[in-house]
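Peer 1: Provided below: target38.pdb, containing PDB, C-alpha atoms.
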```
ATOM      1  CA  MET A   1      28.486  23.086  27.671  1.00  0.00           C
ATOM      2  CA  GLU A   2      30.977  25.731  26.602  1.00  0.00           C
ATOM      3  CA  ASN A   3      28.605  28.738  26.669  1.00  0.00           C
ATOM      4  CA  PHE A   4      27.550  28.270  30.296  1.00  0.00           C
ATOM      5  CA  THR A   5      28.224  31.615  32.027  1.00  0.00           C
ATOM      6  CA  PRO A   6      26.574  31.587  35.451  1.00  0.00           C
ATOM      7  CA  ILE A   7      28.442  34.569  36.918  1.00  0.00           C
ATOM      8  CA  SER A   8      27.806  36.978  34.055  1.00  0.00           C
ATOM      9  CA  SER A   9      24.227  35.687  33.761  1.00  0.00           C
ATOM     10  CA  VAL A  10      23.501  36.378  37.438  1.00  0.00           C
ATOM     11  CA  LEU A  11      25.188  39.775  37.245  1.00  0.00           C
ATOM     12  CA  GLY A  12      23.190  40.670  34.135  1.00  0.00           C
ATOM     13  CA  GLY A  13      19.948  39.594  35.794  1.00  0.00           C
ATOM     14  CA  LEU A  14      20.738  41.638  38.898  1.00  0.00           C
ATOM     15  CA  LEU A  15      21.571  44.665  36.752  1.00  0.00           C
ATOM     16  CA  ILE A  16      18.255  44.372  34.902  1.00  0.00           C
ATOM     17  CA  GLY A  17      16.318  43.940  38.155  1.00  0.00           C
ATOM     18  CA  PHE A  18      18.008  46.832  39.941  1.00  0.00           C
ATOM     19  CA  SER A  19      17.601  49.062  36.864  1.00  0.00           C
ATOM     20  CA  SER A  20      13.887  48.279  36.774  1.00  0.00           C
ATOM     21  CA  ILE A  21      13.534  49.090  40.482  1.00  0.00           C
ATOM     22  CA  ALA A  22      15.597  52.280  40.144  1.00  0.00           C
ATOM     23  CA  MET A  23      13.487  53.455  37.214  1.00  0.00           C
ATOM     24  CA  LEU A  24      10.279  52.871  39.152  1.00  0.00           C
ATOM     25  CA  LEU A  25      11.538  54.563  42.326  1.00  0.00           C
ATOM     26  CA  LEU A  26      13.267  57.508  40.647  1.00  0.00           C
ATOM     27  CA  SER A  27      10.816  58.329  37.873  1.00  0.00           C
ATOM     28  CA  GLY A  28       7.633  56.466  38.741  1.00  0.00           C
ATOM     29  CA  ARG A  29       7.772  54.761  35.339  1.00  0.00           C
ATOM     30  CA  ILE A  30       7.631  51.041  34.647  1.00  0.00           C
ATOM     31  CA  ALA A  31      10.302  49.709  32.285  1.00  0.00           C
ATOM     32  CA  GLY A  32       7.885  47.548  30.280  1.00  0.00           C
ATOM     33  CA  ILE A  33       8.620  48.005  26.585  1.00  0.00           C
ATOM     34  CA  SER A  34       5.046  47.296  25.483  1.00  0.00           C
ATOM     35  CA  SER A  35       3.726  50.052  27.747  1.00  0.00           C
ATOM     36  CA  ILE A  36       6.492  52.438  26.755  1.00  0.00           C
ATOM     37  CA  LEU A  37       5.614  51.957  23.101  1.00  0.00           C
ATOM     38  CA  GLU A  38       1.845  52.084  23.506  1.00  0.00           C
ATOM     39  CA  ASN A  39       1.463  54.752  26.187  1.00  0.00           C
ATOM     40  CA  GLY A  40       4.531  56.798  25.381  1.00  0.00           C
ATOM     41  CA  LEU A  41       5.947  56.629  21.888  1.00  0.00           C
ATOM     42  CA  PHE A  42       2.566  56.232  20.188  1.00  0.00           C
ATOM     43  CA  ALA A  43       0.653  58.522  22.570  1.00  0.00           C
ATOM     44  CA  TRP A  44       0.647  61.614  20.392  1.00  0.00           C
ATOM     45  CA  LYS A  45      -1.095  63.852  22.936  1.00  0.00           C
ATOM     46  CA  ASP A  46       1.685  63.751  25.539  1.00  0.00           C
ATOM     47  CA  VAL A  47       4.798  65.214  23.884  1.00  0.00           C
ATOM     48  CA  GLN A  48       7.058  64.970  26.973  1.00  0.00           C
ATOM     49  CA  ASN A  49       6.220  61.293  27.442  1.00  0.00           C
ATOM     50  CA  ARG A  50       6.748  60.652  23.729  1.00  0.00           C
ATOM     51  CA  ILE A  51      10.219  62.235  23.794  1.00  0.00           C
ATOM     52  CA  TRP A  52      11.231  60.269  26.879  1.00  0.00           C
ATOM     53  CA  SER A  53       9.908  57.037  25.332  1.00  0.00           C
ATOM     54  CA  LEU A  54      11.767  57.674  22.095  1.00  0.00           C
ATOM     55  CA  TRP A  55      15.065  58.115  23.953  1.00  0.00           C
ATOM     56  CA  PHE A  56      14.432  54.953  25.961  1.00  0.00           C
ATOM     57  CA  ILE A  57      13.882  52.922  22.768  1.00  0.00           C
ATOM     58  CA  VAL A  58      16.900  54.545  21.058  1.00  0.00           C
ATOM     59  CA  GLY A  59      18.978  53.624  24.116  1.00  0.00           C
ATOM     60  CA  LEU A  60      17.948  49.981  23.771  1.00  0.00           C
ATOM     61  CA  PHE A  61      19.096  49.879  20.160  1.00  0.00           C
ATOM     62  CA  LEU A  62      22.309  51.789  20.886  1.00  0.00           C
ATOM     63  CA  GLY A  63      23.129  49.496  23.802  1.00  0.00           C
ATOM     64  CA  GLY A  64      22.726  46.442  21.580  1.00  0.00           C
ATOM     65  CA  GLU A  65      24.782  48.033  18.828  1.00  0.00           C
ATOM     66  CA  LEU A  66      27.595  48.958  21.235  1.00  0.00           C
ATOM     67  CA  LEU A  67      27.632  45.395  22.519  1.00  0.00           C
ATOM     68  CA  ARG A  68      27.771  44.088  18.938  1.00  0.00           C
ATOM     69  CA  VAL A  69      30.703  46.359  18.113  1.00  0.00           C
ATOM     70  CA  PHE A  70      32.778  45.879  21.264  1.00  0.00           C
ATOM     71  CA  MET A  71      31.801  42.325  22.260  1.00  0.00           C
ATOM     72  CA  PRO A  72      30.550  40.557  19.114  1.00  0.00           C
ATOM     73  CA  GLU A  73      31.062  37.149  20.736  1.00  0.00           C
ATOM     74  CA  SER A  74      28.083  37.980  22.976  1.00  0.00           C
ATOM     75  CA  PHE A  75      25.770  37.258  20.075  1.00  0.00           C
ATOM     76  CA  GLY A  76      27.112  33.773  19.319  1.00  0.00           C
ATOM     77  CA  GLY A  77      27.134  32.522  15.749  1.00  0.00           C
ATOM     78  CA  ALA A  78      25.510  34.295  12.876  1.00  0.00           C
ATOM     79  CA  HIS A  79      21.860  33.431  12.401  1.00  0.00           C
ATOM     80  CA  LEU A  80      20.779  34.517   8.974  1.00  0.00           C
ATOM     81  CA  HIS A  81      17.050  34.497   8.373  1.00  0.00           C
ATOM     82  CA  LYS A  82      14.978  35.731   5.503  1.00  0.00           C
ATOM     83  CA  MET A  83      13.643  39.241   6.080  1.00  0.00           C
ATOM     84  CA  TRP A  84      10.009  38.120   5.825  1.00  0.00           C
ATOM     85  CA  MET A  85      10.635  35.700   8.703  1.00  0.00           C
ATOM     86  CA  VAL A  86      12.117  38.464  10.848  1.00  0.00           C
ATOM     87  CA  VAL A  87       9.190  40.794  10.094  1.00  0.00           C
ATOM     88  CA  LEU A  88       6.607  38.050  10.699  1.00  0.00           C
ATOM     89  CA  GLY A  89       8.314  37.123  13.981  1.00  0.00           C
ATOM     90  CA  GLY A  90       8.295  40.748  15.095  1.00  0.00           C
ATOM     91  CA  LEU A  91       4.617  41.133  14.252  1.00  0.00           C
ATOM     92  CA  LEU A  92       3.732  37.935  16.125  1.00  0.00           C
ATOM     93  CA  VAL A  93       5.692  39.070  19.187  1.00  0.00           C
ATOM     94  CA  GLY A  94       3.939  42.447  19.038  1.00  0.00           C
ATOM     95  CA  PHE A  95       0.538  40.784  18.724  1.00  0.00           C
ATOM     96  CA  GLY A  96       1.306  38.472  21.638  1.00  0.00           C
ATOM     97  CA  SER A  97       2.515  41.367  23.770  1.00  0.00           C
ATOM     98  CA  ARG A  98      -0.655  43.296  23.083  1.00  0.00           C
ATOM     99  CA  LEU A  99      -2.833  40.236  23.709  1.00  0.00           C
ATOM    100  CA  GLY A 100      -1.038  39.460  26.982  1.00  0.00           C
ATOM    101  CA  SER A 101      -1.062  43.074  28.176  1.00  0.00           C
ATOM    102  CA  GLY A 102       2.713  43.118  28.171  1.00  0.00           C
ATOM    103  CA  CYS A 103       5.727  41.127  27.084  1.00  0.00           C
ATOM    104  CA  THR A 104       7.372  38.238  28.888  1.00  0.00           C
ATOM    105  CA  SER A 105      10.224  40.313  30.251  1.00  0.00           C
ATOM    106  CA  GLY A 106       7.895  43.122  31.293  1.00  0.00           C
ATOM    107  CA  HIS A 107       5.713  40.751  33.287  1.00  0.00           C
ATOM    108  CA  GLY A 108       8.699  38.783  34.580  1.00  0.00           C
ATOM    109  CA  VAL A 109      10.891  41.671  35.672  1.00  0.00           C
ATOM    110  CA  CYS A 110       8.611  44.647  36.232  1.00  0.00           C
ATOM    111  CA  GLY A 111       5.352  42.887  37.061  1.00  0.00           C
ATOM    112  CA  LEU A 112       6.750  40.328  39.485  1.00  0.00           C
ATOM    113  CA  GLY A 113       8.891  43.056  41.045  1.00  0.00           C
ATOM    114  CA  ARG A 114       5.677  44.960  41.812  1.00  0.00           C
ATOM    115  CA  LEU A 115       4.037  41.767  43.137  1.00  0.00           C
ATOM    116  CA  SER A 116       1.390  41.820  40.392  1.00  0.00           C
ATOM    117  CA  SER A 117      -0.824  38.725  40.506  1.00  0.00           C
ATOM    118  CA  ARG A 118      -1.653  39.204  36.812  1.00  0.00           C
ATOM    119  CA  SER A 119       2.053  39.108  35.996  1.00  0.00           C
ATOM    120  CA  LEU A 120       2.545  36.008  38.135  1.00  0.00           C
ATOM    121  CA  VAL A 121      -0.173  34.173  36.182  1.00  0.00           C
ATOM    122  CA  SER A 122       1.311  35.437  32.905  1.00  0.00           C
ATOM    123  CA  VAL A 123       4.819  34.266  33.786  1.00  0.00           C
ATOM    124  CA  LEU A 124       3.525  30.853  34.862  1.00  0.00           C
ATOM    125  CA  VAL A 125       1.696  30.510  31.527  1.00  0.00           C
ATOM    126  CA  PHE A 126       4.756  31.704  29.557  1.00  0.00           C
ATOM    127  CA  MET A 127       7.129  29.328  31.323  1.00  0.00           C
ATOM    128  CA  SER A 128       4.740  26.356  31.124  1.00  0.00           C
ATOM    129  CA  SER A 129       4.185  26.986  27.411  1.00  0.00           C
ATOM    130  CA  ALA A 130       7.913  27.282  26.819  1.00  0.00           C
ATOM    131  CA  GLY A 131       8.627  24.059  28.688  1.00  0.00           C
ATOM    132  CA  LEU A 132       5.889  22.216  26.809  1.00  0.00           C
ATOM    133  CA  THR A 133       7.169  23.566  23.485  1.00  0.00           C
ATOM    134  CA  VAL A 134      10.727  22.388  24.217  1.00  0.00           C
ATOM    135  CA  TRP A 135       9.436  18.959  25.233  1.00  0.00           C
ATOM    136  CA  VAL A 136       7.315  18.627  22.052  1.00  0.00           C
ATOM    137  CA  VAL A 137      10.133  19.770  19.763  1.00  0.00           C
ATOM    138  CA  ARG A 138      12.734  17.506  21.381  1.00  0.00           C
ATOM    139  CA  SER A 139      10.382  14.528  21.583  1.00  0.00           C
ATOM    140  CA  PHE A 140       8.841  14.629  18.142  1.00  0.00           C
ATOM    141  CA  PHE A 141      11.397  16.513  16.025  1.00  0.00           C
ATOM    142  CA  PRO A 142      14.834  15.214  17.087  1.00  0.00           C
TER     143      PRO A 142
END
```
Would you give me this structure, written as structure tokens?

Peer 2:
Amino acid sequence: MENFTPISSVLGGLLIGFSSIAMLLLSGRIAGISSILENGLFAWKDVQNRIWSLWFIVGLFLGGELLRVFMPESFGGAHLHKMWMVVLGGLLVGFGSRLGSGCTSGHGVCGLGRLSSRSLVSVLVFMSSAGLTVWVVRSFFP
């Protein structure tokens, strides 16, 4: 397996975890994107929270763009999809995040870090569903 990168993967995971903890301790905010969008960016009554949320989201896009420019190999091969598929996928992820009261990474990183039992159940469901999906796809669609 030529793309196996355990050291950078562990370092990246630690960086995400420590960033999540630092954000919670230093600002009292949880780094869950679903909550940042719903309670911050789209909460029109709280202007300060909206501005902060906007900068957080812009930072996510800029970070990805900087990585694409300076380390394009990080993204692997080009995956070209039709725009309707990208939009539909985004809408389904948004619907699932709303339905699950948060996204997989929010529950996995922020929720488990706060010892949330709801996040533990969510992560167990996510991981079980993912494992079952991989098994079905590999077993029936080789």

Peer 1: Taking into account all atoms listed in the file, which residue in the set A:Ser27, A:Thr104, A:Ser9, A:Ser74 is nearest to A:Ala130?

Peer 2: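 Looking only at the distances to A:Ala130, the closest residue turns out to be A:Thr104.
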
Peer 1: Atom CA of A:Ser20 and atom CA of A:Arg114 are how many Å apart?

Peer 2: 10.2 Å

Peer 1: Residue by residue, what does the PyMOL selection byres ((chain A and resi 52) around 12) grab here? Present the result as a list in words.

Peer 2: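 With the PyMOL selection byres ((chain A and resi 52) around 12) on this model, the match is Ser27, Arg29, Ala31, Ile36, Leu37, Asn39, Gly40, Leu41, Phe42, Ala43, Asp46, Val47, Gln48, Asn49, Arg50, Ile51, Ser53, Leu54, Trp55, Phe56, Ile57, Val58 and Gly59 of chain A.
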
Peer 1: Would you kindly translate the PyMOL selection byres ((chain A and resi 102) around 10) into the concrete residues it picks from this file, as an MDAnalysis selection string?

Peer 2: chainID A and resid 32:35 94:101 103:108 111 119 122

Peer 1: At what distance in Å, to one decimal, does atom CA of A:Ile30 lie from atom CA of A:Gly17?

Peer 2: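 We find that atom CA of A:Gly17 and atom CA of A:Ile30 lie 11.8 Å from each other.
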
Peer 1: Suppose you want the space between atom CA of A:Cys110 and atom CA of A:Leu15; what is it in Å?

Peer 2: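 Between atom CA of A:Cys110 and atom CA of A:Leu15 the gap is 13.0 Å.
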
Peer 1: Return as lines of an AutoDock Vina configuration file the box centre and box size in Å, one decimal, for an axis-aligned box around all listed atoms of stretch 54-64 of chain A padded by 5 Å per side.

Peer 2:
```
center_x = 17.4
center_y = 52.3
center_z = 23.1
size_x = 21.4
size_y = 21.7
size_z = 15.8
```

Peer 1: For A:Leu14, which of A:Glu38, A:Val109, A:Glu65, A:Val86 is the closest residue, counting only C-alpha atoms?

Peer 2: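 Closest residue, counting only C-alpha atoms: A:Val109.
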
Peer 1: Would you mind writing stretch 124-141 of chain A with N, CA and C atoms, as a PDB file, keeping the file's coordinate frame?

Peer 2:
```
ATOM      1  N   LEU A 124       3.754  32.296  34.750  1.00  0.00           N
ATOM      2  CA  LEU A 124       3.525  30.853  34.862  1.00  0.00           C
ATOM      3  C   LEU A 124       3.040  30.259  33.538  1.00  0.00           C
ATOM      4  N   VAL A 125       2.169  30.975  32.835  1.00  0.00           N
ATOM      5  CA  VAL A 125       1.696  30.510  31.527  1.00  0.00           C
ATOM      6  C   VAL A 125       2.838  30.526  30.516  1.00  0.00           C
ATOM      7  N   PHE A 126       3.629  31.619  30.490  1.00  0.00           N
ATOM      8  CA  PHE A 126       4.756  31.704  29.557  1.00  0.00           C
ATOM      9  C   PHE A 126       5.729  30.552  29.770  1.00  0.00           C
ATOM     10  N   MET A 127       6.120  30.344  31.019  1.00  0.00           N
ATOM     11  CA  MET A 127       7.129  29.328  31.323  1.00  0.00           C
ATOM     12  C   MET A 127       6.600  27.918  31.062  1.00  0.00           C
ATOM     13  N   SER A 128       5.342  27.666  31.398  1.00  0.00           N
ATOM     14  CA  SER A 128       4.740  26.356  31.124  1.00  0.00           C
ATOM     15  C   SER A 128       4.675  26.106  29.621  1.00  0.00           C
ATOM     16  N   SER A 129       4.256  27.114  28.875  1.00  0.00           N
ATOM     17  CA  SER A 129       4.185  26.986  27.411  1.00  0.00           C
ATOM     18  C   SER A 129       5.561  26.756  26.816  1.00  0.00           C
ATOM     19  N   ALA A 130       6.549  27.458  27.324  1.00  0.00           N
ATOM     20  CA  ALA A 130       7.913  27.282  26.819  1.00  0.00           C
ATOM     21  C   ALA A 130       8.422  25.875  27.109  1.00  0.00           C
ATOM     22  N   GLY A 131       8.202  25.414  28.335  1.00  0.00           N
ATOM     23  CA  GLY A 131       8.627  24.059  28.688  1.00  0.00           C
ATOM     24  C   GLY A 131       7.942  23.006  27.844  1.00  0.00           C
ATOM     25  N   LEU A 132       6.640  23.152  27.641  1.00  0.00           N
ATOM     26  CA  LEU A 132       5.889  22.216  26.809  1.00  0.00           C
ATOM     27  C   LEU A 132       6.389  22.244  25.366  1.00  0.00           C
ATOM     28  N   THR A 133       6.663  23.436  24.853  1.00  0.00           N
ATOM     29  CA  THR A 133       7.169  23.566  23.485  1.00  0.00           C
ATOM     30  C   THR A 133       8.509  22.859  23.327  1.00  0.00           C
ATOM     31  N   VAL A 134       9.420  23.054  24.279  1.00  0.00           N
ATOM     32  CA  VAL A 134      10.727  22.388  24.217  1.00  0.00           C
ATOM     33  C   VAL A 134      10.543  20.879  24.264  1.00  0.00           C
ATOM     34  N   TRP A 135       9.668  20.401  25.132  1.00  0.00           N
ATOM     35  CA  TRP A 135       9.436  18.959  25.233  1.00  0.00           C
ATOM     36  C   TRP A 135       8.891  18.405  23.918  1.00  0.00           C
ATOM     37  N   VAL A 136       7.907  19.102  23.317  1.00  0.00           N
ATOM     38  CA  VAL A 136       7.315  18.627  22.052  1.00  0.00           C
ATOM     39  C   VAL A 136       8.366  18.614  20.947  1.00  0.00           C
ATOM     40  N   VAL A 137       9.133  19.684  20.829  1.00  0.00           N
ATOM     41  CA  VAL A 137      10.133  19.770  19.763  1.00  0.00           C
ATOM     42  C   VAL A 137      11.198  18.689  19.938  1.00  0.00           C
ATOM     43  N   ARG A 138      11.677  18.510  21.144  1.00  0.00           N
ATOM     44  CA  ARG A 138      12.734  17.506  21.381  1.00  0.00           C
ATOM     45  C   ARG A 138      12.207  16.081  21.276  1.00  0.00           C
ATOM     46  N   SER A 139      10.947  15.875  21.618  1.00  0.00           N
ATOM     47  CA  SER A 139      10.382  14.528  21.583  1.00  0.00           C
ATOM     48  C   SER A 139       9.968  14.085  20.185  1.00  0.00           C
ATOM     49  N   PHE A 140       9.413  14.997  19.419  1.00  0.00           N
ATOM     50  CA  PHE A 140       8.841  14.629  18.142  1.00  0.00           C
ATOM     51  C   PHE A 140       9.629  15.103  16.926  1.00  0.00           C
ATOM     52  N   PHE A 141      10.588  15.991  17.128  1.00  0.00           N
ATOM     53  CA  PHE A 141      11.397  16.513  16.025  1.00  0.00           C
ATOM     54  C   PHE A 141      12.876  16.486  16.402  1.00  0.00           C
TER      55      PHE A 141
END
```
